[in-house]
>>> print(open('model.txt').read())   # compact mmCIF, C-alpha atoms
# COMPACT_ATOMS: atom_id res chain seq x y z
CA MET A 1 19.19 10.21 -17.20
CA GLU A 2 16.05 12.17 -16.46
CA LYS A 3 13.52 10.50 -14.19
CA PRO A 4 10.81 8.88 -16.35
CA GLN A 5 7.12 9.50 -15.78
CA SER A 6 6.73 5.85 -14.79
CA VAL A 7 8.75 6.41 -11.61
CA THR A 8 6.60 9.42 -10.69
CA ASN A 9 3.44 7.47 -11.49
CA ALA A 10 4.59 4.51 -9.39
CA ALA A 11 5.30 6.85 -6.45
CA LEU A 12 1.82 8.35 -6.82
CA LEU A 13 0.28 4.87 -6.90
CA TRP A 14 2.22 3.88 -3.78
CA THR A 15 0.95 7.04 -2.09
CA THR A 16 -2.58 6.14 -3.16
CA ALA A 17 -2.12 2.73 -1.51
CA VAL A 18 -1.05 4.40 1.74
CA VAL A 19 -4.00 6.82 1.65
CA ALA A 20 -6.40 3.92 0.97
CA GLY A 21 -4.90 2.09 3.96
CA VAL A 22 -5.42 5.13 6.18
CA ILE A 23 -9.02 5.47 4.99
CA GLU A 24 -9.64 1.78 5.62
CA ALA A 25 -8.22 2.13 9.14
CA LEU A 26 -10.45 5.14 9.79
CA PHE A 27 -13.52 3.17 8.72
CA VAL A 28 -12.57 0.25 10.97
CA VAL A 29 -11.86 2.49 13.96
CA SER A 30 -15.08 4.43 13.41
CA GLU A 31 -17.02 1.19 13.42
CA MET A 32 -15.24 0.01 16.57
CA HIS A 33 -15.92 3.32 18.29
CA ARG A 34 -19.60 3.11 17.40
CA ASP A 35 -19.84 -0.49 18.56
CA GLY A 36 -18.51 0.10 22.04
CA GLY A 37 -15.37 2.14 22.16
CA ILE A 38 -11.69 1.86 21.51
CA ASP A 39 -9.42 0.18 24.03
CA SER A 40 -5.73 0.78 24.66
CA GLY A 41 -4.74 -2.14 22.44
CA THR A 42 -6.50 -0.53 19.50
CA TRP A 43 -4.75 2.78 20.15
CA THR A 44 -1.43 0.95 20.27
CA ALA A 45 -2.20 -0.84 16.98
CA LEU A 46 -3.14 2.50 15.42
CA ALA A 47 0.11 4.07 16.60
CA VAL A 48 2.11 1.18 15.13
CA ARG A 49 0.17 1.42 11.86
CA GLY A 50 0.74 5.18 11.76
CA GLY A 51 4.47 4.67 12.25
CA ILE A 52 4.53 2.10 9.47
CA TYR A 53 2.69 4.47 7.13
CA LEU A 54 5.17 7.26 7.90
CA ALA A 55 8.10 4.91 7.23
CA VAL A 56 6.48 3.77 3.97
CA MET A 57 5.99 7.38 2.87
CA ALA A 58 9.70 8.02 3.54
CA LEU A 59 10.51 4.92 1.49
CA ILE A 60 8.28 6.13 -1.35
CA LEU A 61 10.06 9.50 -1.38
CA THR A 62 13.42 7.72 -1.39
CA PHE A 63 12.26 5.56 -4.30
CA ALA A 64 11.03 8.63 -6.20
CA SER A 65 14.45 10.24 -5.75
CA GLY A 66 16.00 7.33 -7.66
CA ARG A 67 17.42 5.03 -5.00
CA ARG A 68 17.55 1.44 -6.27
CA TRP A 69 17.42 -0.11 -2.82
CA ALA A 70 14.13 1.68 -2.10
CA ARG A 71 12.53 0.13 -5.18
CA TRP A 72 13.47 -3.34 -3.99
CA ALA A 73 12.38 -2.54 -0.43
CA LEU A 74 8.96 -1.43 -1.73
CA ALA A 75 8.72 -4.58 -3.84
CA GLY A 76 9.57 -6.88 -0.94
CA LEU A 77 7.80 -5.11 1.89
CA LEU A 78 4.66 -3.85 0.15
CA SER A 79 4.24 -5.92 -3.00
CA VAL A 80 4.85 -9.19 -1.15
CA VAL A 81 4.38 -8.86 2.62
CA GLY A 82 1.91 -5.97 2.56
CA LEU A 83 -0.20 -7.43 -0.22
CA ALA A 84 -0.30 -10.80 1.54
CA SER A 85 -1.60 -9.06 4.68
CA LEU A 86 -4.42 -7.61 2.59
CA VAL A 87 -5.51 -10.77 0.80
CA VAL A 88 -4.61 -13.92 2.76
CA GLU A 89 -7.32 -13.70 5.43
CA PRO A 90 -10.05 -12.60 2.97
CA ALA A 91 -9.02 -15.45 0.64
CA ARG A 92 -9.39 -17.90 3.52
CA LEU A 93 -12.83 -16.46 4.28
CA LEU A 94 -13.82 -16.77 0.61
CA MET A 95 -12.80 -20.43 0.62
CA ASP A 96 -15.03 -20.91 3.67
CA GLY A 97 -17.99 -19.51 1.72
CA THR A 98 -18.02 -15.91 2.98
CA PRO A 99 -19.39 -13.46 0.39
CA LEU A 100 -16.78 -11.28 -1.37
CA ILE A 101 -17.82 -7.95 0.16
CA GLU A 102 -17.96 -9.41 3.66
CA ALA A 103 -14.61 -11.20 3.24
CA PHE A 104 -12.85 -7.97 2.27
CA GLY A 105 -15.04 -5.46 4.11
CA GLY A 106 -16.20 -7.14 7.30
CA ASP A 107 -19.77 -7.49 8.41
CA GLY A 108 -20.49 -4.13 10.06
CA ASP A 109 -22.42 -1.09 8.93
CA LEU A 110 -19.35 0.40 7.25
CA MET A 111 -18.43 -2.76 5.33
CA MET A 112 -18.94 -1.16 1.91
CA GLY A 113 -16.55 1.69 2.77
CA ILE A 114 -13.99 -0.77 4.11
CA PHE A 115 -14.45 -2.97 1.02
CA VAL A 116 -13.94 -0.08 -1.42
CA ALA A 117 -10.90 1.21 0.50
CA ARG A 118 -9.39 -2.30 0.60
CA MET A 119 -9.98 -2.85 -3.14
CA LEU A 120 -8.41 0.54 -3.93
CA HIS A 121 -5.49 -0.36 -1.66
CA ILE A 122 -4.94 -3.71 -3.41
CA ALA A 123 -5.31 -2.21 -6.90
CA ALA A 124 -2.87 0.60 -6.10
CA VAL A 125 -0.26 -1.87 -4.81
CA LEU A 126 -0.59 -4.09 -7.88
CA LEU A 127 -0.45 -1.18 -10.32
CA ALA A 128 2.43 0.51 -8.48
CA THR A 129 4.41 -2.71 -8.64
CA ILE A 130 3.80 -3.11 -12.38
CA VAL A 131 4.65 0.52 -13.17
CA MET A 132 7.69 0.46 -10.87
CA PHE A 133 9.16 -2.35 -13.00
CA SER A 134 8.14 -0.98 -16.40
CA PRO A 135 10.84 -0.77 -19.09
CA SER A 136 11.40 2.97 -18.60
CA ALA A 137 11.70 2.58 -14.82
CA ASN A 138 14.05 -0.37 -15.27
CA ALA A 139 16.28 1.69 -17.56
CA TYR A 140 16.28 4.55 -15.06
CA PHE A 141 17.29 2.32 -12.16
CA ARG A 142 19.97 0.60 -14.29
CA ARG A 143 21.92 3.85 -14.69
CA PRO A 144 25.39 3.90 -13.13
CA ALA A 145 25.27 4.06 -9.35
CA LEU A 146 27.52 7.14 -9.18
CA GLU A 147 25.30 9.18 -11.48
CA PRO A 148 23.21 11.53 -9.34
CA ALA A 149 19.46 11.12 -9.56
CA ALA A 150 17.76 13.74 -11.72
CA ALA A 151 15.08 15.82 -10.05
>>> encode(input="model.txt", output="structure tokens")
Amino acid sequence: MEKPQSVTNAALLWTTAVVAGVIEALFVVSEMHRDGGIDSGTWTALAVRGGIYLAVMALILTFASGRRWARWALAGLLSVVGLASLVVEPARLLMDGTPLIEAFGGDGDLMMGIFVARMLHIAAVLLATIVMFSPSANAYFRRPALEPAAA
């Protein structure tokens, strides 16, 4: 079976989510640098985040090549755990009365950039998840396991 456009689109949406996460991190680090510098803990956190993004990109490529396990890994790791990391704390802040933009973007000078990047990140994850489980993608991933993935 030829790879459907939905699988390609889902991979592009996952990549968009990663890029939005990188942009968000750059905004946050820029703000931290402006406000007093970046300590070793921040550099360590950035290195860990960079490693995670590289691993996620490898997982996206594996998914796009037709590996079933990668689809489920993306669903569990990014659609559940990753999405929760993006929305749980802002949701708590919203319940405490924090304005929407501040809850998702912080309270610094770059809050609008962080807010937009975070919203793009969340939207890309939600859309990628929906497209990844669309009927055409489901049919593609249901093919016999021994059938090689089409390019």
>>> closest_residue(input="model.txt", among="A:Asp96, A:Glu89, A:Asp39, A:Glu31", to="Asp109 of chain A", atoms="all atoms listed in the file")
A:Glu31
>>> closest_residue(input="model.txt", among="A:Val18, A:Ile52, A:Asp35, A:Phe27", to="Gly105 of chain A", atoms="all atoms listed in the file")
A:Phe27
>>> residues_around(input="model.txt", residues="Ser136 of chain A", least_positions_apart="5", cutoff="10 Å", atoms="only C-alpha atoms", output="ChimeraX atom specification")
/A:3-7,131,141-142
>>> closest_residue(input="model.txt", among="A:Gly108, A:Gly97, A:Ile130, A:His121", to="Arg34 of chain A", atoms="all atoms listed in the file")
A:Gly108
>>> closest_residue(input="model.txt", among="A:Phe63, A:Trp69, A:Phe133, A:Phe115", to="Ile23 of chain A", atoms="all atoms listed in the file")
A:Phe115
>>> closest_atom_pairs(input="model.txt", of="segment 97-147 of chain A", to="segment 74-87 of chain A", cutoff="10 Å", atoms="all atoms listed in the file", output="CSV")
residue,atom,partner,partner_atom,distance
A:Ala103,CA,A:Val87,CA,9.4
A:Phe104,CA,A:Val87,CA,8.0
A:Arg118,CA,A:Leu86,CA,7.5
A:Met119,CA,A:Leu86,CA,9.3
A:His121,CA,A:Leu86,CA,8.5
A:Ile122,CA,A:Leu83,CA,6.8
A:Ala123,CA,A:Leu83,CA,9.9
A:Val125,CA,A:Ser79,CA,6.3
A:Leu126,CA,A:Ser79,CA,7.1
A:Leu127,CA,A:Ser79,CA,9.9
A:Ala128,CA,A:Ser79,CA,8.6
A:Thr129,CA,A:Ser79,CA,6.5
A:Ile130,CA,A:Ser79,CA,9.8
A:Met132,CA,A:Ala75,CA,8.7
A:Phe133,CA,A:Ala75,CA,9.4
>>> residues_around(input="model.txt", residues="Arg49 of chain A", least_positions_apart="4", cutoff="9 Å", atoms="all atoms listed in the file", output="list in words")
Val22, Ala25, Thr44, Ala45, Tyr53 and Leu54 of chain A
>>> write_last_selection(input="model.txt", atoms="C-alpha atoms", output="PDB file, in the coordinates of the input")
ATOM      1  CA  VAL A  22      -5.420   5.130   6.180  1.00  0.00           C
ATOM      2  CA  ALA A  25      -8.220   2.130   9.140  1.00  0.00           C
ATOM      3  CA  THR A  44      -1.430   0.950  20.270  1.00  0.00           C
ATOM      4  CA  ALA A  45      -2.200  -0.840  16.980  1.00  0.00           C
ATOM      5  CA  TYR A  53       2.690   4.470   7.130  1.00  0.00           C
ATOM      6  CA  LEU A  54       5.170   7.260   7.900  1.00  0.00           C
TER       7      LEU A  54
END
>>> closest_residue(input="model.txt", among="A:Thr98, A:Ala137, A:Leu46, A:Arg143", to="Gly21 of chain A", atoms="all atoms listed in the file")
A:Leu46
>>> atom_distance(input="model.txt", atom1="atom CA of Ala20 of chain A", atom2="atom CA of Ala117 of chain A")
5.3 Å
>>> atom_distance(input="model.txt", atom1="atom CA of Thr16 of chain A", atom2="atom CA of Ile114 of chain A")
15.2 Å
>>> atom_distance(input="model.txt", atom1="atom CA of Leu12 of chain A", atom2="atom CA of Glu24 of chain A")
18.1 Å
>>> closest_residue(input="model.txt", among="A:Leu110, A:Met1, A:Ala124, A:Ala58", to="Leu26 of chain A", atoms="all atoms listed in the file")
A:Leu110
>>> axis_aligned_box(input="model.txt", around="segment 71-80 of chain A", padding_each_side="4 Å", output="AutoDock Vina command-line options")
--center_x 8.9 --center_y -4.5 --center_z -1.6 --size_x 17.2 --size_y 17.3 --size_z 15.1
>>> decode(input="model.txt", residues="segment 126-139 of chain A", atoms="all heavy atoms", output="compact mmCIF listing (two decimals), in the first residue's frame")
# COMPACT_ATOMS: atom_id res chain seq x y z
N LEU A 126 -2.18 18.65 18.53
CA LEU A 126 -3.56 18.18 18.42
C LEU A 126 -3.89 17.77 16.99
O LEU A 126 -4.47 16.69 16.76
CB LEU A 126 -4.53 19.26 18.91
CG LEU A 126 -4.47 19.56 20.41
CD1 LEU A 126 -5.33 20.77 20.74
CD2 LEU A 126 -4.89 18.35 21.22
N LEU A 127 -3.53 18.61 16.03
CA LEU A 127 -3.82 18.28 14.63
C LEU A 127 -3.03 17.07 14.16
O LEU A 127 -3.57 16.22 13.44
CB LEU A 127 -3.53 19.49 13.73
CG LEU A 127 -4.50 20.65 13.87
CD1 LEU A 127 -3.98 21.88 13.12
CD2 LEU A 127 -5.88 20.26 13.38
N ALA A 128 -1.76 16.96 14.55
CA ALA A 128 -0.96 15.80 14.15
C ALA A 128 -1.57 14.52 14.68
O ALA A 128 -1.62 13.50 13.97
CB ALA A 128 0.48 15.96 14.65
N THR A 129 -2.06 14.56 15.90
CA THR A 129 -2.67 13.38 16.50
C THR A 129 -3.93 12.98 15.73
O THR A 129 -4.12 11.80 15.41
CB THR A 129 -3.02 13.64 17.98
OG1 THR A 129 -1.82 14.04 18.66
CG2 THR A 129 -3.60 12.41 18.64
N ILE A 130 -4.76 13.95 15.41
CA ILE A 130 -5.99 13.67 14.66
C ILE A 130 -5.66 13.09 13.29
O ILE A 130 -6.22 12.06 12.88
CB ILE A 130 -6.85 14.95 14.53
CG1 ILE A 130 -7.40 15.35 15.89
CG2 ILE A 130 -7.97 14.76 13.51
CD1 ILE A 130 -7.97 16.76 15.95
N VAL A 131 -4.76 13.73 12.57
CA VAL A 131 -4.41 13.28 11.21
C VAL A 131 -3.72 11.92 11.25
O VAL A 131 -3.94 11.08 10.38
CB VAL A 131 -3.53 14.35 10.50
CG1 VAL A 131 -3.03 13.85 9.17
CG2 VAL A 131 -4.32 15.64 10.33
N MET A 132 -2.90 11.69 12.27
CA MET A 132 -2.17 10.44 12.40
C MET A 132 -3.11 9.25 12.58
O MET A 132 -2.75 8.12 12.24
CB MET A 132 -1.21 10.56 13.59
CG MET A 132 -0.34 9.37 13.82
SD MET A 132 0.95 9.70 15.05
CE MET A 132 0.03 9.79 16.56
N PHE A 133 -4.31 9.50 13.09
CA PHE A 133 -5.29 8.44 13.29
C PHE A 133 -6.50 8.59 12.36
O PHE A 133 -7.58 8.07 12.65
CB PHE A 133 -5.73 8.38 14.76
CG PHE A 133 -4.65 7.82 15.64
CD1 PHE A 133 -3.85 8.65 16.40
CD2 PHE A 133 -4.42 6.46 15.68
CE1 PHE A 133 -2.84 8.15 17.20
CE2 PHE A 133 -3.41 5.93 16.47
CZ PHE A 133 -2.62 6.78 17.23
N SER A 134 -6.31 9.27 11.24
CA SER A 134 -7.38 9.40 10.25
C SER A 134 -7.62 8.04 9.58
O SER A 134 -6.76 7.15 9.65
CB SER A 134 -7.01 10.45 9.21
OG SER A 134 -5.90 9.99 8.45
N PRO A 135 -8.76 7.86 8.94
CA PRO A 135 -9.04 6.57 8.30
C PRO A 135 -7.95 6.10 7.32
O PRO A 135 -7.59 4.92 7.33
CB PRO A 135 -10.38 6.81 7.59
CG PRO A 135 -11.05 7.86 8.43
CD PRO A 135 -9.92 8.76 8.88
N SER A 136 -7.43 7.01 6.51
CA SER A 136 -6.41 6.58 5.54
C SER A 136 -5.11 6.17 6.25
O SER A 136 -4.45 5.20 5.85
CB SER A 136 -6.14 7.67 4.51
OG SER A 136 -5.66 8.85 5.13
N ALA A 137 -4.75 6.88 7.31
CA ALA A 137 -3.55 6.50 8.07
C ALA A 137 -3.78 5.17 8.79
O ALA A 137 -2.90 4.31 8.82
CB ALA A 137 -3.18 7.60 9.07
N ASN A 138 -4.98 4.99 9.34
CA ASN A 138 -5.29 3.73 10.01
C ASN A 138 -5.17 2.56 9.04
O ASN A 138 -4.61 1.52 9.38
CB ASN A 138 -6.69 3.77 10.61
CG ASN A 138 -6.78 4.66 11.84
OD1 ASN A 138 -5.76 4.97 12.46
ND2 ASN A 138 -7.98 5.07 12.18
N ALA A 139 -5.71 2.72 7.84
CA ALA A 139 -5.63 1.65 6.84
C ALA A 139 -4.17 1.35 6.48
O ALA A 139 -3.77 0.20 6.35
CB ALA A 139 -6.40 2.05 5.59
